[in-house]
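A short worksheet on the structure shown next.
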Protein chains: 4
Amino acid sequence: MIDFRSDNTGRAAPEILDALIRANNGTALGYGADEWTARLQQRFAELFETKVQVFPVATGTAANALSLAAIAPSWGLVFCSAAAHINTSEANAAGFFGGGLKLAPVTGEHGKIDAAALTQVLTGFPPGQLHRGQPAAVSLTQASDLGAVYRLDEVRAVAEIAKARGLLMHMDGARFANALARLQCGPAELSWRSGVDILSFGATKNGGALADAIVVFNPAIADGLAVQLRRAGQVWSKMRFASAQLMAYIENGLWLRLATASNRAAARIAAGIANVPGLKLVAPVEANEIFLEVPGGVMDALEADGFQFYRRSATLARFVCRFDVTDAEADALVASLKRHCSAPAKAAE
Amino acid sequence: MIDFRSDNTGRAAPEILDALIRANNGTALGYGADEWTARLQQRFAELFETKVQVFPVATGTAANALSLAAIAPSWGLVFCSAAAHINTSEANAAGFFGGGLKLAPVTGEHGKIDAAALTQVLTGFPPGQLHRGQPAAVSLTQASDLGAVYRLDEVRAVAEIAKARGLLMHMDGARFANALARLQCGPAELSWRSGVDILSFGATKNGGALADAIVVFNPAIADGLAVQLRRAGQVWSKMRFASAQLMAYIENGLWLRLATASNRAAARIAAGIANVPGLKLVAPVEANEIFLEVPGGVMDALEADGFQFYRRSATLARFVCRFDVTDAEADALVASLKRHCSAPAKAAE
Amino acid sequence: MIDFRSDNTGRAAPEILDALIRANNGTALGYGADEWTARLQQRFAELFETKVQVFPVATGTAANALSLAAIAPSWGLVFCSAAAHINTSEANAAGFFGGGLKLAPVTGEHGKIDAAALTQVLTGFPPGQLHRGQPAAVSLTQASDLGAVYRLDEVRAVAEIAKARGLLMHMDGARFANALARLQCGPAELSWRSGVDILSFGATKNGGALADAIVVFNPAIADGLAVQLRRAGQVWSKMRFASAQLMAYIENGLWLRLATASNRAAARIAAGIANVPGLKLVAPVEANEIFLEVPGGVMDALEADGFQFYRRSATLARFVCRFDVTDAEADALVASLKRHCSAPAKAAE
Amino acid sequence: MIDFRSDNTGRAAPEILDALIRANNGTALGYGADEWTARLQQRFAELFETKVQVFPVATGTAANALSLAAIAPSWGLVFCSAAAHINTSEANAAGFFGGGLKLAPVTGEHGKIDAAALTQVLTGFPPGQLHRGQPAAVSLTQASDLGAVYRLDEVRAVAEIAKARGLLMHMDGARFANALARLQCGPAELSWRSGVDILSFGATKNGGALADAIVVFNPAIADGLAVQLRRAGQVWSKMRFASAQLMAYIENGLWLRLATASNRAAARIAAGIANVPGLKLVAPVEANEIFLEVPGGVMDALEADGFQFYRRSATLARFVCRFDVTDAEADALVASLKRHCSAPAKAAE
């Protein structure tokens with residue numbers, strides 16, 4: 001079996017688990033008052049070239065929902081893509097942690113928000129209207145949930161509109177490293193320098209194990225969030241084991257190496273199938289995910305060949321590359337796709 | 001420095017981290033649909049001698065708050081000791097996850113609920129009263145937050161009253177293993193056979209690292225809880241790394257060996273200071289915690305001697321034993337306490 | 001000025017305020033333990049031909065949001081029309097009272113849910129999926145938010161699908177009387193006999209003043225709701241003044257007379273403009289609302305003529321008839337529409 | 001029967017219902033965009049001698065819970081008397097609307113918070129502690145829930161401590177008029193000039209019918225509250241009928257005349273029983289409530305005489321005076337109390 005199901009089905013990078021083991025030494029104060037967590041603050045400040053507050057959390061859902069609850073009141077509206085993970089896949093965690101805050105979809109291509117569409121949507125919320133909640137924040141998923149990546153100018157265009165209206169900016173960076181690897185820019189460029197106030201900093205999908213993080217650039221947000229995390233059951237008493245994972249994740253560029261590897265595998269597949277008749281990419285392959293319209297019957301044939309992937313509909317398949325997908329595995333998928341697409345069409349079920 | 005601050009300042013048991021490393025192999029479905037988590041269900045069913053559902057979570061606060069939210073409506077009242085961790089130390093997580101459910105203190109000795117007091121309190125909530133919320137559940141902390149342990153008959157006495165009124169029973173078992181080690185009974189006896197519907201199964205304080213669990217005995221509760229955990233950001237996508245820790249924790253009786261060790265250290269200290277004038281235990285030392293009234297100035301002297309512990313008030317000190325506290329460390333604390341208590345009294349601040 | 005803005009801009013029926021005045025006599029226990037509220041239970045049981053529990057509330061938003069929170073867990077999904085008032089106009093009150101429950105739009109004509117579309121949507125929620133919340137309830141708006149009315153067979157078709165999946169049924173009856181007047185059936189037929197478990201019973205839009213109600217047909221729902229209403233600040237201490245209004249509302253068929261009058265005015269207008277070129281009804285006029293696509297410039301002209309109404313978009317106007325709209329007012333609107341539509345087109349802005 | 005059960009069992013003042021009737025004239029925009037509500041803002045600004053925002057609400061519970069939710073984050077702690085209505089009688093509405101905010105009792109005499117006790121309690125919440133929630137606000141009940149009244153210097157002493165710590169101040173003025181009548185000061189003195197940021201402005205208990213209000217002095221609070229009220233189902237679409245009640249309530253000093261009358265009745269009773277052996281006031285009678293320790297058997301005897309009142313315990317009776325309690329009724333109660341207290345003691349049950 002060759003697994004393209006998800007980047008969360010994979011192994012953790014050994015460096016990250018090694019760091020966890022090394023942290024198992026001596027005693028340390030609980031709930032984040034340990035040395036590992038203190039160093040984490042310092043290292044992320046260097047990484048992001050500014051003072052930040054980093055809060056390790058168990059999951060990306062926690063990172064997203066608690067970030068949004070930190071920047072929107074319970075009567076707030078958060079604008080996002082209809083395809084955003086926060087809207088489709090997190091069981092309305094944002095509404096739960098946010099006391100009933102509501103996600104409001106904004107259109108755009110490839111799982112991204114379009115800046116002009118955001119402007120248009122906002123005209124429907126004149127100041128003083130009480131009936132639909134208050135515009136409070138915008139959330140961008142970077143890379144997007146269809147495998148595309150916002151360019152810096154796209155992030156800034158959305159941020160400019162948001163700021164003009166007093167909205168705060170969240171970035172769901174479950175695949176932040178993949179976006180960075182794609183854009184070849186620094187983390188500061190892709191976050192606060194482009195208007196992001198709070199970032200869900202994903203590690204799990206990119207070789208992490210049991211910890212993601214929230215990175216706060218806007219200090220006014222951090223104090224309340226610290227308490228909220230405690231009551232949300234997201235502050236481990238033995239926090240050092242989480243902080244050590246996140247330290248190892250960014251140390252020596254590990255995170256970018258991992259993301260580069262998974263992006264490269266996806267690009268290799270995309271290039272391989274570029275001219276195969278019958279296949280159609282739903283969005284450009286700019287990170288580590290491939291969303292592919294395939295002819296009827298091809299998905300069955302791929303599974304018969306031993307490939308694992310997700311069916312999003314009868315004709316839409318998703319393939320996700322992990323950091324440890326090999327060239328041989330990528331090439332095997334390409335070959336299988338080519339073979340089945342050139343075969344005489346079978347009757348789709 | 002000799003550390004008696006908390007059982008969450010300590011190392012994880014090496015066996016637990018080893019299991020986490022061993023789980024880093026191959027691909028596995030996310031969000032708990034992996035083999036490790038499946039085996040966890042099976043092993044806990046054997047351990048508890050009944051079908052159970054086990055949900056790994058990041059923290060004890062998550063375990064408690066989500067358990068209570070699963071058994072009480074948002075307008076519910078949960079009866080607990082005023083000293084209960086859920087009431088004093090979790091930033092009202094239960095009220096948050098429970099949509100405003102309220103904790104209602106019940107008196108009792110040594111951090112335990114007294115069954116007669118519960119009966120009395122319940123008379124204040126006649127059926128149909130709307131002004132104070134609805135009695136919904138009882139939460140027992142086992143071992144208690146003052147280091148005592150409910151005997152089985154005490155648990156059952158509370159459960160009987162609760163059930164007669166239609167209330168569900170939660171046990172905060174952050175130190176469940178310590179209580180078991182004390183009572184020398186099986187986990188089934190101390191939980192569902194004594195009326196417990198849902199258990200916060202603590203591992204972190206007893207040699208765990210990054211995972212505790214909720215154990216559900218009442219199947220009607222489990223379905224909703226599964227979704228709630230997902231939206232609460234408590235379902236890791238790489239769940240195998242959490243499940244593997246919990247498997248190792250109970251394998252070959254590890255958890256009970258660890259708890260026996262920490263209980264033994266606490267008992268050794270308690271025995272050592274039994275007749276020291278000026279010292280007074282706030283509660284019997286039945287698990288791994290010692291709450292001690294000490295004369296003014298003695299706490300300063302202990303710290304000068306290199307002991308770390310928590311001051312709960314000007315005259316109340318808490319000492320917690322981890323599984324790896326040595327006899328020498330325990331004896332050193334006893335010696336220091338004796339020395340300073342027999343010294344001429346210093347003026348307390 | 002002739003006001004077609006809303007049915008909430010209007011006067012209360014004098015009978016309703018008279019009843020409120022008459023209730024101002026003697027002392028009476030608070031919070032609904034008075035004789036008026038007891039009689040209200042009895043009268044509604046007669047009206048609905050079954051035992052019900054009636055809870056007066058201040059507003060329709062409270063009725064809807066608390067009804068939904070009573071039948072869906074906080075992780076629940078409630079299916080409704082995208083055009084439903086609960087989805088578009090109540091500031092996500094349902095999400096707030098429901099602790100983060102989420103509304104999920106289902107397509108259909110004229111602001112109604114289509115039964116086949118509901119079936120289709122439900123296939124996307126297989127049992128055991130945790131990522132999108134749990135299907136919990138369906139909410140129908142009767143009359144719909146575009147002025148149409150569900151026929152009995154349409155309500156039952158939706159209810160059948162809902163029940164087969166274990167979902168509870170809510171009806172937002174802000175204009176329940178208008179629907180009854182249209183369908184010429186009894187309130188029992190249009191509610192519990194067609195599968196409705198809980199009803200937002202609107203009075204305000206149909207000649208009421210300060211009270212609507214929740215009517216519960218499923219007794220399992222009522223106990224918790226009673227407490228929830230208390231804590232939601234919806235239980236007046238001087239409840240008699242609310243109950244008296246609702247009693248007067250249904251006494252001697254007042255509510256149906258009022259609804260018949262407002263429906264008749266709307267039908268008169270609809271008939272009058274039936275063949276006017278350039279005008280297009282968005283939905284059949286089956287209650288007291290008219291949604292009309294009009295040529296550019298006509299809305300300005302109507303306002304210049306002294307008509308008040310709401311602009312839903314540059315070309316969509318809403319006209320709502322109150323119970324006291326006169327034939328002359330209706331005819332004046334028709335005449336004005338005819339005049340401006342036959343006039344040479346002005347340039348729309 | 002002579003009714004001393006509560007000030008919510010009574011009639012509304014006729015002036016208030018008359019105003020409601022007079023408002024039933026013409027059409028008016030919904031949701032508070034009407035002339036009555038605009039005038040209400042203006043009149044309250046004159047009354048309070050400063051710009052305020054007034055939000056009519058259905059109940060005192062709504063006023064309190066929404067006020068607290070407006071000034072405390074969901075992780076906030078609100079300090080109040082253990083006897084406060086928000087703590088004992090509102091089904092934890094504050095925790096519900098506040099997303100899990102927690103009430104924290106502070107000791108003091110006669111249902112009042114003691115400033116020194118507040119200072120002491122706050123020392124237990126050093127900045128940066130995450131485990132108990134964040135101190136956010138203080139709530140005073142004026143008059144207190146035991147019938148006493150904070151003097152201006154007492155309010156200010158609490159406010160000074162609160163402000164020094166950055167806490168906002170709420171006053172539960174369910175009996176604000178009674179307190180004003182007692183203190184003979186202006187509403188500005190007793191509210192914002194003494195440090196109050198937000199006031200639950202009670203009318204119902206003092207001759208109102210179906211509306212209380214929230215008065216906001218701190219403009220930073222008002223914008224969010226306006227949306228929150230909408231989603232909380234507290235914004236009537238026919239708001240004019242609520243605003244008209246509140247206008248009439250304060251017009252020509254009606255509210256103070258009513259409160260003076262009920263205070264006077266209570267004082268008359270208190271004076272009458274001053275030296276009766278066996279009776280003991282729990283708190284000074286400074287408003288319209290009397291909390292009286294009475295010998296066993298006397299409560300039965302009073303009921304046999306036709307008096308209605310509440311038993312708070314086996315020996316504690318509460319008598320509440322409405323604005324329309326007559327001297328004869330007050331004197332009858334005094335006479336009955338005297339008679340039964342001088343009678344040979346009966347065996348208490």
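We label chains A, B, ... in the order they appear in the structure tokens, count residues from 1 in each chain, and number ligands from 1 in the order shown.
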
Interface, chain B side, toward chain A (8 Å; only C-alpha atoms) as a compact mmCIF listing (two decimals) with N, CA, C and O atoms, in the first residue's frame:
# COMPACT_ATOMS: atom_id res chain seq x y z
N ASP B 3 12.97 18.42 45.32
CA ASP B 3 11.72 18.97 44.79
C ASP B 3 10.51 18.20 45.32
O ASP B 3 10.31 17.03 44.99
N ASN B 8 3.59 17.01 39.03
CA ASN B 8 3.70 17.34 37.61
C ASN B 8 5.03 18.01 37.28
O ASN B 8 5.25 18.41 36.14
N THR B 9 5.90 18.14 38.25
CA THR B 9 7.23 18.69 37.94
C THR B 9 8.19 17.58 37.51
O THR B 9 9.32 17.88 37.10
N GLY B 10 7.73 16.33 37.61
CA GLY B 10 8.68 15.22 37.49
C GLY B 10 8.85 14.71 36.07
O GLY B 10 8.18 15.13 35.12
N ARG B 11 9.74 13.75 35.97
CA ARG B 11 10.01 13.07 34.72
C ARG B 11 8.83 12.17 34.37
O ARG B 11 8.01 11.83 35.22
N ALA B 12 8.77 11.79 33.13
CA ALA B 12 7.88 10.72 32.72
C ALA B 12 8.61 9.40 32.96
O ALA B 12 9.85 9.34 32.95
N LEU B 17 7.66 6.91 27.42
CA LEU B 17 8.25 7.58 26.26
C LEU B 17 8.78 6.57 25.25
O LEU B 17 8.70 6.79 24.03
N ILE B 21 7.96 6.36 21.15
CA ILE B 21 8.95 6.21 20.07
C ILE B 21 8.61 5.00 19.19
O ILE B 21 8.66 5.06 17.96
N ASN B 24 6.19 5.28 16.33
CA ASN B 24 6.56 6.13 15.18
C ASN B 24 7.00 5.27 14.00
O ASN B 24 8.15 5.31 13.56
N ASN B 25 6.07 4.55 13.45
CA ASN B 25 6.39 3.50 12.51
C ASN B 25 5.22 3.33 11.53
O ASN B 25 4.10 3.05 11.94
N GLY B 26 5.50 3.51 10.26
CA GLY B 26 4.45 3.31 9.27
C GLY B 26 3.41 4.44 9.30
O GLY B 26 3.56 5.42 10.02
N THR B 27 2.39 4.25 8.48
CA THR B 27 1.32 5.25 8.48
C THR B 27 0.10 4.68 9.20
O THR B 27 -0.05 3.47 9.33
N ALA B 28 -0.73 5.58 9.67
CA ALA B 28 -1.91 5.17 10.44
C ALA B 28 -2.97 6.23 10.28
O ALA B 28 -2.66 7.43 10.23
N LEU B 29 -4.21 5.84 10.23
CA LEU B 29 -5.28 6.82 10.07
C LEU B 29 -5.31 7.79 11.25
O LEU B 29 -4.93 7.44 12.37
N GLY B 30 -5.81 8.98 10.97
CA GLY B 30 -5.80 10.02 11.98
C GLY B 30 -7.00 9.99 12.90
O GLY B 30 -7.91 9.16 12.77
N ALA B 58 -5.51 15.72 26.30
CA ALA B 58 -4.20 16.32 26.58
C ALA B 58 -3.96 16.54 28.07
O ALA B 58 -2.84 16.40 28.54
N THR B 59 -5.00 16.89 28.80
CA THR B 59 -4.79 17.31 30.18
C THR B 59 -5.92 16.83 31.09
O THR B 59 -7.02 16.53 30.63
N GLY B 60 -5.63 16.86 32.38
CA GLY B 60 -6.65 16.53 33.36
C GLY B 60 -7.77 17.54 33.40
O GLY B 60 -8.93 17.20 33.65
N THR B 61 -7.44 18.79 33.13
CA THR B 61 -8.49 19.80 33.08
C THR B 61 -9.47 19.49 31.96
O THR B 61 -10.70 19.59 32.14
N ALA B 62 -8.95 19.10 30.82
CA ALA B 62 -9.83 18.71 29.71
C ALA B 62 -10.65 17.49 30.11
O ALA B 62 -11.86 17.43 29.85
N ALA B 63 -10.03 16.53 30.75
CA ALA B 63 -10.75 15.32 31.15
C ALA B 63 -11.90 15.69 32.09
O ALA B 63 -13.04 15.23 31.91
N GLU B 90 -9.00 25.15 38.10
CA GLU B 90 -9.07 24.92 36.66
C GLU B 90 -9.74 26.07 35.93
O GLU B 90 -10.32 25.91 34.85
N ALA B 91 -9.66 27.26 36.52
CA ALA B 91 -10.12 28.48 35.85
C ALA B 91 -11.56 28.34 35.36
O ALA B 91 -11.93 28.88 34.33
N ASN B 92 -12.34 27.61 36.12
CA ASN B 92 -13.75 27.37 35.78
C ASN B 92 -13.91 26.72 34.40
O ASN B 92 -14.84 27.05 33.65
N ALA B 93 -13.03 25.80 34.10
CA ALA B 93 -13.14 25.07 32.83
C ALA B 93 -14.48 24.35 32.73
O ALA B 93 -15.08 24.28 31.65
N PHE B 96 -17.06 26.65 31.59
CA PHE B 96 -16.83 27.02 30.19
C PHE B 96 -17.29 25.92 29.25
O PHE B 96 -18.14 26.14 28.38
N PHE B 97 -16.74 24.71 29.42
CA PHE B 97 -17.14 23.63 28.52
C PHE B 97 -18.61 23.28 28.72
O PHE B 97 -19.27 22.81 27.80
N THR B 204 -0.66 11.77 33.89
CA THR B 204 0.44 12.73 33.91
C THR B 204 1.11 12.83 35.28
O THR B 204 2.34 12.82 35.38
N ALA B 209 3.26 11.65 30.47
CA ALA B 209 3.92 12.78 29.83
C ALA B 209 2.90 13.77 29.27
O ALA B 209 2.71 14.85 29.84
N LEU B 210 2.21 13.40 28.22
CA LEU B 210 1.36 14.36 27.50
C LEU B 210 -0.06 13.88 27.31
O LEU B 210 -0.78 14.42 26.47
N VAL B 227 -17.94 13.62 19.74
CA VAL B 227 -17.98 14.83 18.90
C VAL B 227 -17.47 16.04 19.68
O VAL B 227 -16.72 16.87 19.17
N ARG B 230 -13.81 16.23 19.71
CA ARG B 230 -13.27 16.68 18.43
C ARG B 230 -13.29 18.20 18.36
O ARG B 230 -12.30 18.84 17.98
N ARG B 231 -14.43 18.78 18.69
CA ARG B 231 -14.55 20.22 18.59
C ARG B 231 -13.82 20.94 19.71
O ARG B 231 -13.53 22.13 19.62
N ALA B 232 -13.55 20.22 20.78
CA ALA B 232 -12.80 20.81 21.88
C ALA B 232 -11.30 20.80 21.61
O ALA B 232 -10.51 21.20 22.46
N GLY B 233 -10.90 20.34 20.43
CA GLY B 233 -9.48 20.33 20.10
C GLY B 233 -8.71 19.32 20.92
O GLY B 233 -7.51 19.50 21.19
N GLN B 234 -9.37 18.24 21.31
CA GLN B 234 -8.73 17.23 22.15
C GLN B 234 -8.54 15.91 21.40
O GLN B 234 -8.20 14.90 22.01
N VAL B 235 -8.80 15.92 20.11
CA VAL B 235 -8.58 14.70 19.33
C VAL B 235 -7.37 14.94 18.42
O VAL B 235 -7.48 15.60 17.39
N TRP B 236 -6.23 14.41 18.86
CA TRP B 236 -5.02 14.57 18.05
C TRP B 236 -5.21 13.89 16.71
O TRP B 236 -5.76 12.78 16.63
N SER B 237 -4.69 14.50 15.64
CA SER B 237 -4.75 13.79 14.37
C SER B 237 -3.78 12.60 14.41
O SER B 237 -4.06 11.56 13.85
N LYS B 238 -2.66 12.74 15.09
CA LYS B 238 -1.76 11.59 15.26
C LYS B 238 -1.99 10.94 16.63
O LYS B 238 -1.09 10.88 17.48
N MET B 239 -3.19 10.49 16.82
CA MET B 239 -3.62 9.96 18.11
C MET B 239 -2.77 8.79 18.59
O MET B 239 -2.65 8.55 19.79
N PHE B 241 0.21 8.44 19.03
CA PHE B 241 1.25 8.83 19.97
C PHE B 241 0.70 9.04 21.38
O PHE B 241 1.42 8.95 22.37
N ALA B 242 -0.58 9.37 21.48
CA ALA B 242 -1.20 9.49 22.80
C ALA B 242 -1.62 8.11 23.31
O ALA B 242 -1.36 7.73 24.46

Can you list, as a list in words, every protein, DNA or RNA residue that comes within 8 Å of B:Lys280 when you count only C-alpha atoms, leaving out same-chain residues fewer than 4 positions away?
Leu292, Glu293 and Val294 of chain B

Would you give me, as a PyMOL selection string, the residues in stretch 156-282 of chain D that DSSP reads as strand (DSSP E or B)?
chain D and resi 168-173+198-201+212-216+280-281

Between D:Asp153, D:Ala213, D:Leu68, D:Gly186, single out the one closest to D:Leu256, counting only C-alpha atoms.
D:Gly186

Show which residues sit within 8 Å of B:Gly173, as a list of chain:residue names. Count only C-alpha atoms, and ignore same-chain residues fewer than 5 positions away.
B:Thr141, B:Gln142, B:Ala143, B:Leu199, B:Ser200, B:Phe201, B:Gly202
